[in-house]
$ cat run_28.txt   # compact mmCIF, C-alpha atoms and all ligand atoms
# COMPACT_ATOMS: atom_id res chain seq x y z
CA MET A 1 -14.46 -6.62 23.34
CA ASP A 2 -16.04 -3.30 24.24
CA LYS A 3 -19.06 -3.28 21.91
CA ARG A 4 -20.13 0.21 22.90
CA LEU A 5 -16.67 1.65 22.22
CA ILE A 6 -16.44 -0.12 18.87
CA GLY A 7 -19.88 1.15 17.94
CA GLU A 8 -18.88 4.72 18.80
CA ILE A 9 -15.68 4.56 16.77
CA LEU A 10 -17.46 3.02 13.79
CA GLN A 11 -20.13 5.71 13.88
CA ARG A 12 -17.57 8.50 14.07
CA ALA A 13 -15.62 7.03 11.16
CA ALA A 14 -18.77 6.47 9.11
CA ASP A 15 -19.68 10.12 9.70
CA GLY A 16 -16.32 11.21 8.33
CA GLY A 17 -14.50 11.72 11.63
CA ARG A 18 -10.86 10.74 12.07
CA ILE A 19 -9.88 7.55 13.89
CA ASP A 20 -6.45 7.13 15.45
CA PRO A 21 -4.17 4.11 14.92
CA ASP A 22 -5.18 2.44 18.21
CA GLU A 23 -8.82 2.75 17.28
CA ALA A 24 -8.05 1.44 13.81
CA LEU A 25 -6.34 -1.62 15.29
CA LEU A 26 -9.33 -2.22 17.55
CA LEU A 27 -11.72 -2.03 14.60
CA TYR A 28 -9.50 -4.22 12.43
CA THR A 29 -9.19 -6.98 15.00
CA GLU A 30 -12.46 -6.77 16.93
CA ALA A 31 -15.26 -5.04 15.04
CA PRO A 32 -18.02 -7.32 13.72
CA PHE A 33 -17.37 -7.82 10.00
CA HIS A 34 -20.74 -6.60 8.80
CA ALA A 35 -20.67 -3.50 10.98
CA LEU A 36 -17.17 -2.70 9.74
CA GLY A 37 -18.26 -3.13 6.13
CA GLU A 38 -21.42 -1.12 6.62
CA ALA A 39 -19.48 1.81 8.06
CA ALA A 40 -16.97 1.69 5.19
CA ASP A 41 -19.76 1.54 2.65
CA ALA A 42 -21.39 4.58 4.26
CA VAL A 43 -18.15 6.50 3.64
CA ARG A 44 -18.05 5.26 0.04
CA ARG A 45 -21.67 6.32 -0.54
CA ARG A 46 -21.02 9.77 0.83
CA ARG A 47 -17.89 10.20 -1.30
CA PHE A 48 -19.41 8.70 -4.44
CA PRO A 49 -23.18 9.17 -4.26
CA ASP A 50 -23.50 8.46 -7.99
CA GLY A 51 -22.83 4.74 -7.31
CA ILE A 52 -20.07 4.66 -9.91
CA VAL A 53 -17.22 2.15 -9.72
CA THR A 54 -14.36 2.90 -12.04
CA TYR A 55 -11.95 0.80 -14.08
CA LEU A 56 -8.95 1.60 -16.22
CA ILE A 57 -7.48 0.20 -19.40
CA ASP A 58 -3.71 0.10 -19.14
CA ARG A 59 -0.68 -2.03 -19.84
CA ASN A 60 2.19 -2.77 -17.47
CA ILE A 61 5.33 -2.99 -19.56
CA ASN A 62 8.53 -4.16 -17.92
CA TYR A 63 11.65 -2.85 -19.62
CA THR A 64 14.05 -5.21 -17.82
CA ASN A 65 13.97 -7.99 -15.26
CA VAL A 66 17.60 -7.40 -14.30
CA CYS A 67 17.81 -6.20 -10.72
CA VAL A 68 20.46 -5.83 -8.05
CA THR A 69 18.07 -5.54 -5.14
CA ALA A 70 17.01 -9.19 -4.79
CA CYS A 71 13.83 -8.77 -2.76
CA ARG A 72 13.02 -12.09 -1.13
CA PHE A 73 9.35 -11.98 -2.14
CA CYS A 74 10.10 -11.21 -5.78
CA ALA A 75 9.57 -13.84 -8.47
CA PHE A 76 10.31 -11.63 -11.46
CA TYR A 77 13.86 -10.38 -11.24
CA ARG A 78 17.11 -11.97 -12.36
CA PRO A 79 20.46 -10.80 -11.03
CA PRO A 80 22.96 -9.20 -13.45
CA ARG A 81 24.63 -11.72 -15.79
CA HIS A 82 21.89 -14.30 -15.18
CA ALA A 83 21.10 -16.26 -18.35
CA GLU A 84 17.40 -15.40 -18.00
CA GLY A 85 18.01 -11.69 -17.62
CA TRP A 86 16.58 -9.54 -20.39
CA SER A 87 15.97 -5.95 -21.39
CA HIS A 88 13.49 -4.84 -24.00
CA SER A 89 14.60 -2.70 -26.88
CA LEU A 90 13.01 0.71 -27.23
CA ASP A 91 11.31 -0.49 -30.42
CA GLU A 92 9.71 -3.36 -28.55
CA ILE A 93 8.51 -1.11 -25.74
CA LEU A 94 7.00 1.27 -28.28
CA ARG A 95 5.40 -1.63 -30.14
CA ARG A 96 3.73 -2.72 -26.91
CA CYS A 97 2.58 0.84 -26.24
CA GLY A 98 1.08 1.02 -29.72
CA GLU A 99 -0.75 -2.27 -29.22
CA ALA A 100 -2.15 -0.90 -25.96
CA VAL A 101 -3.34 2.31 -27.63
CA ASP A 102 -5.07 0.27 -30.32
CA LEU A 103 -6.96 -1.57 -27.58
CA GLY A 104 -8.10 1.64 -25.92
CA ALA A 105 -5.47 1.95 -23.20
CA THR A 106 -5.10 5.40 -21.70
CA GLN A 107 -2.19 4.59 -19.39
CA VAL A 108 1.07 2.75 -19.49
CA MET A 109 2.91 1.58 -16.41
CA LEU A 110 6.61 1.21 -17.20
CA GLN A 111 8.37 -0.68 -14.47
CA GLY A 112 11.41 -2.84 -14.12
CA GLY A 113 14.25 -4.06 -12.03
CA HIS A 114 17.07 -1.96 -10.63
CA HIS A 115 19.37 -2.49 -13.57
CA PRO A 116 22.93 -1.60 -12.54
CA ASP A 117 23.41 0.61 -15.63
CA TYR A 118 20.08 2.40 -15.84
CA GLY A 119 20.43 5.94 -14.61
CA VAL A 120 18.30 9.02 -15.16
CA GLU A 121 19.46 9.23 -18.80
CA TYR A 122 17.91 5.85 -19.58
CA TYR A 123 14.52 6.92 -18.24
CA GLU A 124 14.68 10.31 -19.96
CA SER A 125 15.28 8.52 -23.22
CA LEU A 126 12.51 5.98 -22.59
CA PHE A 127 9.83 8.41 -21.43
CA SER A 128 10.53 11.02 -24.09
CA ALA A 129 10.23 8.36 -26.81
CA VAL A 130 6.89 7.12 -25.45
CA ARG A 131 5.62 10.70 -25.02
CA ARG A 132 6.68 11.65 -28.54
CA THR A 133 5.24 8.53 -30.19
CA TYR A 134 2.02 8.16 -28.19
CA PRO A 135 1.14 11.56 -26.72
CA SER A 136 -2.29 10.31 -25.65
CA LEU A 137 -0.81 7.73 -23.25
CA THR A 138 -0.46 8.78 -19.63
CA ILE A 139 2.88 7.62 -18.25
CA HIS A 140 2.07 6.48 -14.71
CA SER A 141 5.23 4.61 -13.94
CA LEU A 142 8.11 3.60 -11.71
CA GLY A 143 8.04 3.82 -7.94
CA PRO A 144 10.27 5.39 -5.30
CA SER A 145 12.71 2.43 -5.52
CA GLU A 146 13.46 3.05 -9.18
CA VAL A 147 13.77 6.78 -8.59
CA LEU A 148 16.32 6.21 -5.81
CA HIS A 149 18.19 3.70 -7.93
CA MET A 150 18.43 5.92 -11.01
CA ALA A 151 19.53 8.89 -8.88
CA LYS A 152 22.29 6.75 -7.38
CA VAL A 153 23.45 5.43 -10.75
CA SER A 154 23.57 8.97 -12.19
CA ASP A 155 24.92 10.48 -8.98
CA VAL A 156 22.24 13.15 -8.74
CA GLY A 157 19.75 14.12 -6.06
CA ILE A 158 16.21 12.74 -5.89
CA GLU A 159 14.71 16.10 -6.77
CA GLU A 160 16.84 16.44 -9.88
CA ALA A 161 15.99 12.90 -10.96
CA ILE A 162 12.26 13.55 -10.61
CA ARG A 163 12.43 16.92 -12.37
CA ARG A 164 14.27 15.40 -15.30
CA ILE A 165 12.04 12.36 -15.80
CA ARG A 166 8.97 14.54 -15.42
CA ALA A 167 10.31 16.85 -18.10
CA ALA A 168 10.84 13.79 -20.30
CA GLY A 169 7.22 12.70 -19.95
CA LEU A 170 6.49 11.06 -16.61
CA ASP A 171 2.98 12.08 -15.50
CA SER A 172 2.65 10.38 -12.12
CA ILE A 173 4.40 7.81 -9.95
CA ALA A 174 2.95 4.40 -9.16
CA GLY A 175 2.63 3.40 -5.52
CA ALA A 176 4.88 0.43 -6.19
CA GLY A 177 7.48 -0.86 -3.81
CA ALA A 178 5.70 0.21 -0.63
CA GLU A 179 5.26 -3.47 0.31
CA MET A 180 5.31 -3.03 4.12
CA LEU A 181 6.70 0.32 5.22
CA PRO A 182 7.46 -0.45 8.90
CA GLU A 183 11.09 -1.39 9.35
CA ARG A 184 10.87 -4.92 10.83
CA PRO A 185 8.69 -6.61 8.18
CA ARG A 186 10.36 -4.60 5.38
CA ARG A 187 13.85 -5.77 6.34
CA ALA A 188 12.59 -9.35 6.55
CA ILE A 189 11.31 -9.41 2.97
CA ALA A 190 13.51 -6.87 1.18
CA PRO A 191 16.76 -6.32 3.09
CA LEU A 192 18.48 -4.47 0.23
CA LYS A 193 15.59 -2.21 -0.62
CA GLU A 194 15.34 1.37 0.61
CA SER A 195 13.76 1.86 4.03
CA GLY A 196 10.10 2.67 4.39
CA GLN A 197 11.11 6.19 5.39
CA ARG A 198 13.09 6.64 2.16
CA TRP A 199 10.06 5.43 0.17
CA LEU A 200 8.00 8.10 1.91
CA ASP A 201 10.73 10.73 1.38
CA VAL A 202 10.70 10.18 -2.39
CA MET A 203 6.92 10.39 -2.49
CA GLU A 204 7.02 13.61 -0.47
CA ILE A 205 9.52 15.20 -2.84
CA ALA A 206 7.50 14.08 -5.87
CA HIS A 207 4.27 15.43 -4.43
CA ARG A 208 5.89 18.76 -3.63
CA LEU A 209 7.09 18.93 -7.24
CA GLY A 210 3.52 18.38 -8.39
CA VAL A 211 3.96 14.74 -9.39
CA GLU A 212 1.10 12.82 -7.78
CA SER A 213 1.04 9.11 -7.05
CA THR A 214 -0.85 6.21 -5.60
CA ALA A 215 0.08 4.18 -2.51
CA THR A 216 0.07 0.41 -2.21
CA MET A 217 0.42 -2.21 0.50
CA MET A 218 1.41 -5.85 0.13
CA MET A 219 -0.24 -8.01 2.78
CA GLY A 220 0.65 -11.49 3.90
CA THR A 221 4.40 -11.87 4.36
CA GLY A 222 4.31 -12.27 8.11
CA GLU A 223 3.58 -8.75 9.26
CA THR A 224 1.49 -8.25 12.38
CA ASN A 225 -1.88 -6.54 12.51
CA ALA A 226 -0.24 -3.60 14.30
CA GLU A 227 2.33 -3.31 11.49
CA ARG A 228 -0.46 -3.23 8.91
CA ILE A 229 -2.04 -0.33 10.77
CA GLU A 230 1.33 1.40 11.10
CA HIS A 231 1.72 1.16 7.31
CA LEU A 232 -1.59 2.99 6.91
CA ARG A 233 -0.58 5.60 9.47
CA LEU A 234 2.67 6.41 7.70
CA ILE A 235 0.80 7.00 4.44
CA ARG A 236 -1.95 9.05 6.08
CA ASP A 237 0.57 11.25 7.87
CA LEU A 238 2.35 12.03 4.60
CA GLN A 239 -0.96 12.64 2.87
CA ASP A 240 -1.80 15.20 5.56
CA ARG A 241 1.33 17.10 4.50
CA THR A 242 1.12 16.78 0.71
CA GLY A 243 -2.28 15.55 -0.48
CA GLY A 244 -0.46 13.80 -3.34
CA PHE A 245 -1.81 10.26 -3.01
CA ARG A 246 -4.76 9.72 -5.33
CA ALA A 247 -5.62 6.24 -4.16
CA PHE A 248 -4.73 3.46 -1.77
CA ILE A 249 -4.34 -0.04 -3.23
CA PRO A 250 -3.85 -3.04 -0.92
CA TRP A 251 -2.97 -6.40 -2.48
CA THR A 252 -1.95 -9.82 -1.25
CA TYR A 253 1.48 -11.44 -1.45
CA GLN A 254 1.81 -14.26 -3.99
CA PRO A 255 4.11 -17.04 -2.75
CA GLU A 256 5.44 -18.88 -5.82
CA HIS A 257 8.93 -18.95 -7.34
CA ASN A 258 10.59 -16.62 -4.86
CA HIS A 259 12.95 -16.96 -1.92
CA LEU A 260 10.32 -16.15 0.70
CA LYS A 261 7.80 -18.73 -0.46
CA GLY A 262 5.35 -19.92 2.20
CA ARG A 263 1.62 -19.81 2.05
CA THR A 264 -0.07 -16.49 1.55
CA GLN A 265 -0.57 -15.44 5.11
CA CYS A 266 -3.40 -13.10 4.40
CA THR A 267 -6.82 -14.67 4.17
CA SER A 268 -9.63 -13.23 2.07
CA LEU A 269 -11.35 -12.13 5.25
CA GLU A 270 -8.25 -10.33 6.53
CA TYR A 271 -7.95 -8.62 3.16
CA LEU A 272 -11.58 -7.53 3.11
CA ARG A 273 -11.38 -6.27 6.69
CA LEU A 274 -8.30 -4.24 5.79
CA VAL A 275 -10.08 -2.80 2.76
CA ALA A 276 -13.00 -1.66 4.92
CA LEU A 277 -10.68 -0.36 7.61
CA ALA A 278 -8.67 1.57 5.03
CA ARG A 279 -11.81 3.32 3.79
CA LEU A 280 -12.53 4.42 7.37
CA PHE A 281 -8.92 5.34 8.20
CA PHE A 282 -8.07 7.30 5.04
CA ASP A 283 -10.27 10.32 5.49
CA ASN A 284 -7.74 12.17 3.33
CA VAL A 285 -7.32 9.78 0.35
CA ALA A 286 -10.01 9.98 -2.32
CA HIS A 287 -10.00 6.52 -3.86
CA LEU A 288 -9.75 2.93 -2.68
CA GLN A 289 -8.86 0.22 -5.20
CA ALA A 290 -9.31 -3.53 -4.82
CA SER A 291 -6.85 -6.00 -6.30
CA TRP A 292 -8.82 -8.60 -8.25
CA LEU A 293 -5.53 -9.82 -9.73
CA THR A 294 -4.20 -11.13 -6.41
CA THR A 295 -7.39 -11.90 -4.49
CA GLY A 296 -9.62 -13.18 -7.29
CA LYS A 297 -12.67 -11.69 -8.88
CA ASP A 298 -15.14 -12.85 -6.19
CA VAL A 299 -13.20 -11.10 -3.45
CA GLY A 300 -12.70 -8.11 -5.73
CA GLN A 301 -16.43 -7.86 -6.24
CA LEU A 302 -17.16 -8.31 -2.52
CA SER A 303 -14.85 -5.41 -1.77
CA LEU A 304 -17.26 -3.15 -3.65
CA HIS A 305 -19.57 -3.53 -0.62
CA LEU A 306 -16.77 -2.62 1.78
CA GLY A 307 -15.85 0.86 0.65
CA VAL A 308 -14.08 0.27 -2.67
CA ASP A 309 -14.87 2.60 -5.57
CA ASP A 310 -12.32 1.39 -8.14
CA LEU A 311 -11.36 -2.01 -9.57
CA GLY A 312 -8.17 -0.78 -11.16
CA SER A 313 -6.91 -1.88 -14.51
CA ILE A 314 -7.83 -4.62 -16.92
CA MET A 315 -4.03 -5.02 -17.17
CA LEU A 316 -3.49 -5.85 -20.82
CA GLU A 317 -0.07 -7.05 -19.67
CA GLU A 318 1.16 -7.93 -16.19
CA ASN A 319 4.25 -10.01 -15.54
CA VAL A 320 5.50 -9.15 -12.09
CA ILE A 321 2.83 -10.43 -9.74
CA SER A 322 1.83 -13.11 -12.23
CA ALA A 323 5.37 -14.51 -12.01
CA ALA A 324 4.76 -15.14 -8.31
CA GLY A 325 1.61 -17.12 -8.95
CA ALA A 326 -1.28 -14.68 -9.47
CA ARG A 327 -3.40 -16.56 -11.99
CA HIS A 328 -6.59 -14.54 -12.06
CA ARG A 329 -7.51 -13.24 -15.50
CA SER A 330 -10.31 -11.07 -16.79
CA GLY A 331 -11.79 -9.51 -19.86
CA LEU A 332 -13.19 -6.02 -20.00
CA GLY A 333 -16.73 -7.36 -20.36
CA GLU A 334 -16.25 -9.51 -17.28
CA LEU A 335 -14.86 -6.60 -15.25
CA VAL A 336 -17.81 -4.44 -16.22
CA ALA A 337 -20.22 -7.28 -15.39
CA MET A 338 -18.62 -7.63 -11.95
CA ILE A 339 -19.38 -3.99 -11.26
CA ARG A 340 -22.88 -4.10 -12.75
CA SER A 341 -23.89 -7.23 -10.83
CA ALA A 342 -22.74 -5.58 -7.60
CA ASP A 343 -25.46 -3.02 -8.38
CA ARG A 344 -23.00 -0.27 -9.26
CA ILE A 345 -22.53 1.79 -12.38
CA PRO A 346 -19.33 0.93 -14.26
CA ALA A 347 -17.25 3.77 -15.69
CA GLN A 348 -13.94 3.81 -17.51
CA ARG A 349 -11.62 6.36 -15.94
CA ASP A 350 -8.30 7.92 -16.74
CA THR A 351 -5.25 8.04 -14.45
CA GLN A 352 -6.63 11.09 -12.67
CA TYR A 353 -9.94 9.29 -12.01
CA ARG A 354 -11.88 11.41 -14.49
CA HIS A 355 -14.74 9.49 -16.08
CA LEU A 356 -14.19 8.73 -19.75
CA LYS A 357 -17.16 6.47 -20.39
CA VAL A 358 -20.03 5.93 -17.98
CA HIS A 359 -22.05 2.75 -18.57
CA GLN A 360 -25.21 4.39 -17.28
CA PHE A 361 -27.47 1.53 -18.32
CA ALA A 362 -26.89 -2.18 -18.86
CA GLN A 363 -27.19 -1.70 -22.61
CA ASP A 364 -24.06 0.47 -22.37
CA ASP A 365 -22.03 -2.46 -21.04
CA CYS A 366 -21.07 -3.89 -24.41
CA CYS A 367 -17.26 -3.98 -24.57
CA ASP A 368 -14.51 -4.63 -27.07
CA GLU A 369 -13.90 -8.37 -26.72
CA ARG A 370 -10.25 -7.95 -27.66
CA VAL A 371 -9.63 -6.11 -24.39
CA VAL A 372 -8.52 -8.88 -22.05
CA SER A 373 -5.90 -9.08 -19.35
CA HIS A 374 -2.49 -10.60 -19.94
CA ILE A 375 -2.33 -10.42 -23.71
CA SER A 376 1.33 -11.32 -23.16
CA SER A 377 3.10 -13.09 -20.34
CA THR A 378 6.51 -13.47 -18.79
CA THR A 379 7.10 -16.57 -20.85
CA ALA A 380 6.15 -14.83 -24.07
CA MET A 381 8.54 -12.03 -23.20
CA ARG A 382 11.50 -14.36 -23.51
CA GLY A 383 11.16 -14.29 -27.26
CA SER A 384 13.04 -12.65 -30.05
CA ALA A 385 11.99 -9.15 -29.05
CA VAL A 386 14.01 -9.44 -25.88
CA THR A 387 17.62 -8.36 -25.73
CA GLN A 388 19.28 -10.90 -23.49
CA GLY A 389 21.58 -9.31 -20.97
CA SER A 390 21.88 -5.97 -22.72
CA ALA A 391 20.90 -2.37 -22.13
CA ALA A 392 18.71 -1.74 -25.14
CA VAL A 393 17.53 1.83 -24.73
CA ARG A 394 19.84 4.76 -25.30
CA GLY A 395 21.30 5.90 -22.01
CA GLY A 396 21.90 2.43 -20.60
CA ARG A 397 25.46 1.18 -20.74
CA ALA A 398 26.13 -2.29 -22.02
CA THR A 399 25.45 -5.05 -19.54
CA ALA A 400 27.97 -7.81 -18.98
CA PRO A 401 27.35 -10.94 -21.02
CA ALA A 402 25.18 -13.70 -19.65
CA GLY A 403 27.07 -15.91 -17.25
CA GLU A 404 26.62 -19.03 -15.16
CA VAL A 405 23.16 -19.45 -13.68
CA PRO A 406 23.27 -20.25 -9.98
CA ALA A 407 20.73 -23.05 -9.47
CA LYS A 408 19.05 -21.21 -6.62
CA THR A 409 18.48 -17.96 -8.45
CA ALA A 410 17.37 -19.62 -11.65
CA GLN A 411 13.90 -19.80 -10.09
CA MET A 412 13.70 -16.12 -9.33
CA GLY A 413 11.66 -13.33 -10.90
CA GLU A 414 10.11 -9.90 -9.67
CA VAL A 415 7.04 -8.68 -7.84
CA ARG A 416 6.03 -5.11 -7.41
S1 LIG A 501 10.61 -6.15 -6.31
FE1 LIG A 501 11.63 -4.72 -7.73
S2 LIG A 501 13.44 -4.06 -6.58
FE2 LIG A 501 12.74 -5.94 -5.59
S3 LIG A 501 13.89 -7.60 -6.63
FE3 LIG A 501 11.94 -7.36 -7.71
S4 LIG A 501 12.45 -6.01 -9.39
FE4 LIG A 501 14.07 -5.77 -7.89
$ encode --input "run_28.txt" --output "structure tokens"
Amino acid sequence: MDKRLIGEILQRAADGGRIDPDEALLLYTEAPFHALGEAADAVRRRRFPDGIVTYLIDRNINYTNVCVTACRFCAFYRPPRHAEGWSHSLDEILRRCGEAVDLGATQVMLQGGHHPDYGVEYYESLFSAVRRTYPSLTIHSLGPSEVLHMAKVSDVGIEEAIRRIRAAGLDSIAGAGAEMLPERPRRAIAPLKESGQRWLDVMEIAHRLGVESTATMMMGTGETNAERIEHLRLIRDLQDRTGGFRAFIPWTYQPEHNHLKGRTQCTSLEYLRLVALARLFFDNVAHLQASWLTTGKDVGQLSLHLGVDDLGSIMLEENVISAAGARHRSGLGELVAMIRSADRIPAQRDTQYRHLKVHQFAQDDCCDERVVSHISSTTAMRGSAVTQGSAAVRGGRATAPAGEVPAKTAQMGEVR
């Protein structure tokens, strides 16, 4: 280890200079943990001198778990005609949106499987209904995978698909489905999914059309350290061209109830090092979000000392990652306390990271006790409000009736 070289690179990055991928790999694998964290925190302090750490109140609503893409890491999806496949009716989706609004949510994340019948028309119908009924809700939804899928189903180009769903109400695109962008690890975990390059292509088109997004990364499915850095490089290069990524959000693979299984191969330390490295590497992305849902609240709080300025959503509902074993839960008061006890100032934000409520002093921390994560779960979703095996929103064609359940796939679900 060349301590002098590492020190020079850390100093340059802390001062806001750019580091190249080789330097990033060196820092990620060799830099002393505390020095790495200190440099990342210096960047965070310069970017956010007010000491504010933001959070969001939103609800992730899944409209269907039916999916033809069968990602190996996914514990949420069911293949078409599976007895456990479901699609929510539009009424049920709107009911869930209304419940979220009542609890103070400002954003809804509508996501689902690649249903074989859901083309652009389905999403136009869905988004326009949500926009019409709850105009205050920001629709930060889908991901490049869904955009590609709907364009294919409707036989239109990506640009047309994005223009149409934006006109129907979509505000911004979630960074979902990035998983690992480099080809080798992506093929290993999601052989039927679009390539990493296609994921980037969709984001580039969206950004050029004025639809901004976030970017994510799923760690721990067997990728190498070099592939993790390559994932960051691909996102940074696109950001240099478009400036459309608002935030970077790394999270850790959850290994239950999917075909990939295995232990999570990303330790807390690896995650925290990546968080710090990301803050140093992304000199062109404003925000860095930690995933308390997948890493736990302790690690989430620690990340606040390693460059993170946002703890993401309270997630009134989350089914996808939870289906794969993420069991961490939180209440709004607890999330705010995590930020406060890390000696930061909590602030509720909107999707564009504008502050809605700054808890300047501890006496401002009092929160609505009804606002807790996971007010519903995957299991609860299999109730009467679910339309088994049918396309329930106008624009989706009828799905084939439920058929035999292959024993192997009966354990499956989705992760995004
Ligand atoms: S991650 Fe998304 S695309 Fe992949 S199987 Fe799950 S629902 Fe389908």
$ atom_distance --input "run_28.txt" --atom1 "CA of Lys152 (chain A)" --atom2 "CA of Gly119 (chain A)"
7.5 Å
$ closest_residue --input "run_28.txt" --among "A:Glu369, A:Phe281, A:Glu194, A:Ile162" --to "Ile9 (chain A)" --atoms "only C-alpha atoms"
A:Phe281
$ residues_near_ligand --input "run_28.txt" --ligand "ligand LIG 501 (chain A)" --cutoff "10 Å" --atoms "only C-alpha atoms and all ligand atoms" --output "PyMOL selection string"
chain A and resi 62+64-79+111-115+142-143+145-146+149+176-179+189-194+258+320-321+412-416
$ residues_around --input "run_28.txt" --residues "Tyr28 (chain A)" --least-positions-apart "5" --cutoff "12 Å" --atoms "only C-alpha atoms" --output "ChimeraX atom specification"
/A:6,9-10,19,21-23,33,35-37,40,224-229,269-281
$ closest_residue --input "run_28.txt" --among "A:Asp41, A:Leu335, A:Phe361, A:Leu148" --to "Ala13 (chain A)" --atoms "only C-alpha atoms"
A:Asp41
$ closest_residue --input "run_28.txt" --among "A:Gly51, A:Arg164, A:Arg246, A:Val156" --to "His359 (chain A)" --atoms "only C-alpha atoms"
A:Gly51
$ residues_around --input "run_28.txt" --residues "Pro144 (chain A)" --least-positions-apart "2" --cutoff "6 Å" --atoms "only C-alpha atoms" --output "JSON, numbers by chain"
{"A": [146, 147, 199, 202]}
$ residues_around --input "run_28.txt" --residues "Pro135 (chain A)" --least-positions-apart "6" --cutoff "12 Å" --atoms "all atoms listed in the file" --output "VMD selection string"
chain A and resid 94 97 to 98 101 106 to 108 127 to 129 168 to 171
$ atom_distance --input "run_28.txt" --atom1 "CA of Gln254 (chain A)" --atom2 "CA of Leu26 (chain A)"
27.1 Å
$ closest_residue --input "run_28.txt" --among "A:Pro255, A:Asp368, A:Arg46, A:Asp201" --to "Met219 (chain A)" --atoms "all atoms listed in the file"
A:Pro255
$ atom_distance --input "run_28.txt" --atom1 "CA of Glu334 (chain A)" --atom2 "CA of Phe282 (chain A)"
29.1 Å
$ residues_near_point --input "run_28.txt" --point "(0.4, 7.7, -12.8)" --cutoff "9 Å" --atoms "all atoms listed in the file" --output "PyMOL selection string"
chain A and resi 107-109+138-142+170-175+211-214+351-352
$ write_last_selection --input "run_28.txt" --atoms "C-alpha atoms" --output "compact mmCIF listing (two decimals), keeping the file's coordinate frame"
# COMPACT_ATOMS: atom_id res chain seq x y z
CA GLN A 107 -2.19 4.59 -19.39
CA VAL A 108 1.07 2.75 -19.49
CA MET A 109 2.91 1.58 -16.41
CA THR A 138 -0.46 8.78 -19.63
CA ILE A 139 2.88 7.62 -18.25
CA HIS A 140 2.07 6.48 -14.71
CA SER A 141 5.23 4.61 -13.94
CA LEU A 142 8.11 3.60 -11.71
CA LEU A 170 6.49 11.06 -16.61
CA ASP A 171 2.98 12.08 -15.50
CA SER A 172 2.65 10.38 -12.12
CA ILE A 173 4.40 7.81 -9.95
CA ALA A 174 2.95 4.40 -9.16
CA GLY A 175 2.63 3.40 -5.52
CA VAL A 211 3.96 14.74 -9.39
CA GLU A 212 1.10 12.82 -7.78
CA SER A 213 1.04 9.11 -7.05
CA THR A 214 -0.85 6.21 -5.60
CA THR A 351 -5.25 8.04 -14.45
CA GLN A 352 -6.63 11.09 -12.67
$ closest_residue --input "run_28.txt" --among "A:Ser136, A:Gln239, A:Ser313, A:Thr267" --to "Asp283 (chain A)" --atoms "only C-alpha atoms"
A:Gln239
$ closest_residue --input "run_28.txt" --among "A:Leu103, A:Ile375, A:Val43, A:Ala337" --to "Ala14 (chain A)" --atoms "only C-alpha atoms"
A:Val43
$ residues_around --input "run_28.txt" --residues "His287 (chain A)" --least-positions-apart "5" --cutoff "8 Å" --atoms "all atoms listed in the file" --output "VMD selection string"
chain A and resid 246 to 248 308 to 310
